[in-house]
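Quick notes on the structure that follows.
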Amino acid sequence: MVKAVILAAGKGTRMKSDKPKVVHQAMGRPMVYYSIEAARQAGADRVCVIVGYKAEEVKNAISESVTDVSVEYAVQSEQLGTGHAVKCAADFVGEDGDVIILCGDTPLVTGDTLKKALDYHQKNDNGVTVISAMLDDPFGYGRIIRDGDTLEKIVEEKDADDKEKAVKEVNSGMYIFDCKDLQKALGLISNDNAQGEYYLPDTIEIIKKMGRKAAAIPMDDADQIRGVNTLEQLAAAEAIMKSR
């Protein structure tokens, strides 16, 4: 069983709009539609969207645009980090199969990329597989630190030393987890950090300590990592969609 969880609870203040970020349209559909569709194409049987800010507006936009898969919802009433968001969907995630975790503001990711990562994840019996990208200018992204084929850790820009900052492979914010491993790890993550938030990447170290494998697989086309935070970025994403 393959499930997908889409993080879509934030407001997106940099969009300079009262609308929830993920309902802004690209090519006539809300941004979040494309994450749902990519997950479905990759083989997700069930999809859960985590809503928060103006939840009903997000649900309405999804119900009007998504017809091929029934979407379930979980509510994140306070935004306390990506780990907290996924915790809000703990009942949906369950303990069977694998779960793809995506953001609702990355409309360029394709089903092919997710399927390739999912196949790799399942073939290698990984506890977690991070989808990564190679960027000429990785500034601002969490860096993928490897030990051979194994994912050692993800280091955020603000915590990286000079050697780590030189790494071009970055975290896309998209993951595939074994559901049982994820549930265990979510119960152990802490918010003991500068932001006081629960970070999903913190589960990676926990899963490795459980004796399970962690890996990262780079996507072929780094454009797919592009998150949309501003109207300019939305226009750029739409231009890439049109060129496809």
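Going by the structure tokens order, chains are called A, B, ..., each with residues numbered from 1, while ligands are numbered from 1 in the order shown.
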
List the neighbours of Leu234 of chain A out to 9 Å using only C-alpha atoms; skip same-chain residues closer than 6 positions along the sequence, and give me the result as a tab-separated table (two decimals) with N, CA, C and O atoms, in the first residue's frame.
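And here's selection07.tsv as it stands now:
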```tsv
chain	number	residue	atom	x	y	z
A	24	HIS	N	-3.47	29.22	-5.13
A	24	HIS	CA	-3.09	30.07	-6.27
A	24	HIS	C	-2.92	29.18	-7.51
A	24	HIS	O	-2.37	28.09	-7.41
A	25	GLN	N	-3.37	29.68	-8.63
A	25	GLN	CA	-3.46	28.81	-9.80
A	25	GLN	C	-2.25	28.89	-10.72
A	25	GLN	O	-1.64	29.94	-10.90
A	26	ALA	N	-1.92	27.71	-11.28
A	26	ALA	CA	-0.95	27.61	-12.36
A	26	ALA	C	-1.63	26.81	-13.47
A	26	ALA	O	-2.18	25.74	-13.20
A	31	MET	N	-2.27	25.17	-7.28
A	31	MET	CA	-0.94	24.56	-7.16
A	31	MET	C	-0.96	23.17	-6.54
A	31	MET	O	-0.27	22.27	-6.98
A	227	GLY	N	10.08	25.40	-5.16
A	227	GLY	CA	8.91	25.75	-4.37
A	227	GLY	C	8.43	27.13	-4.78
A	227	GLY	O	9.20	27.94	-5.27
A	228	VAL	N	7.15	27.38	-4.60
A	228	VAL	CA	6.58	28.68	-4.96
A	228	VAL	C	6.24	29.45	-3.69
A	228	VAL	O	5.40	29.02	-2.91
```

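For segment 129-142 of chain A, the residues within 8 Å (counting only C-alpha atoms, excluding itself and residues fewer than 5 positions away along the chain) are Ala117, His121, Ile154, Val155, Glu156, Glu157, Lys165, Val167, Lys168, Glu169, Val170, Asn171, Ser172, Gly173, Met174, Tyr175, Ile176, Phe177, Ala214, Ala215, Ala216, Ile217, Pro218, Met219, Asp220, Asp221, Ala222 and Ile225 of chain A.
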
**OP:** Mind listing the helix (DSSP H, G or I) residues of segment 126-229 of chain A, per DSSP on the backbone, as a PyMOL selection string?
**Re:** chain A and resi 157-159+162-165+179-186+202-209+222-225

May I have the residues from that selection written out with C-alpha atoms, as a PDB file, in the first residue's frame?
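To be explicit, this is the file written out as part32.pdb:
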```pdb
ATOM      1  CA  GLU A 157      22.141  26.137   5.580  1.00  0.00           C
ATOM      2  CA  LYS A 158      22.336  27.989   8.902  1.00  0.00           C
ATOM      3  CA  ASP A 159      23.968  24.990  10.611  1.00  0.00           C
ATOM      4  CA  ASP A 162      32.147  25.626   4.942  1.00  0.00           C
ATOM      5  CA  LYS A 163      32.772  22.073   3.751  1.00  0.00           C
ATOM      6  CA  GLU A 164      29.079  21.197   4.017  1.00  0.00           C
ATOM      7  CA  LYS A 165      28.060  24.448   2.299  1.00  0.00           C
ATOM      8  CA  CYS A 179       5.021   3.961   7.555  1.00  0.00           C
ATOM      9  CA  LYS A 180       5.945   1.940  10.640  1.00  0.00           C
ATOM     10  CA  ASP A 181       9.417   3.517  10.848  1.00  0.00           C
ATOM     11  CA  LEU A 182       7.959   6.998  10.387  1.00  0.00           C
ATOM     12  CA  GLN A 183       5.419   6.517  13.177  1.00  0.00           C
ATOM     13  CA  LYS A 184       8.114   5.411  15.610  1.00  0.00           C
ATOM     14  CA  ALA A 185      10.409   8.305  14.646  1.00  0.00           C
ATOM     15  CA  LEU A 186       7.656  10.945  14.881  1.00  0.00           C
ATOM     16  CA  ASP A 202      15.101  14.952  12.295  1.00  0.00           C
ATOM     17  CA  THR A 203      13.382  11.587  11.779  1.00  0.00           C
ATOM     18  CA  ILE A 204      16.226  10.445   9.504  1.00  0.00           C
ATOM     19  CA  GLU A 205      18.805  10.115  12.275  1.00  0.00           C
ATOM     20  CA  ILE A 206      16.238   8.365  14.483  1.00  0.00           C
ATOM     21  CA  ILE A 207      15.364   5.873  11.747  1.00  0.00           C
ATOM     22  CA  LYS A 208      19.062   5.130  11.215  1.00  0.00           C
ATOM     23  CA  LYS A 209      19.515   4.539  14.959  1.00  0.00           C
ATOM     24  CA  ALA A 222      16.322  20.064 -10.631  1.00  0.00           C
ATOM     25  CA  ASP A 223      13.491  22.387 -11.755  1.00  0.00           C
ATOM     26  CA  GLN A 224      11.107  19.969 -10.040  1.00  0.00           C
ATOM     27  CA  ILE A 225      12.414  21.041  -6.632  1.00  0.00           C
TER      28      ILE A 225
END
```

Report the closest atom pair, with its distance in Å rounded to one decimal, for each residue of segment 27-50 of chain A that has an atom no farther than 6 Å from segment 62-80 of chain A; count only C-alpha atoms, sort by chain and then rising residue number, and write it as a Markdown table.
```
| residue | atom | partner | partner_atom | distance |
| --- | --- | --- | --- | --- |
| A:Val47 | CA | A:Val71 | CA | 5.2 |
| A:Cys48 | CA | A:Glu72 | CA | 4.5 |
| A:Val49 | CA | A:Tyr73 | CA | 4.9 |
| A:Ile50 | CA | A:Ala74 | CA | 4.8 |
```
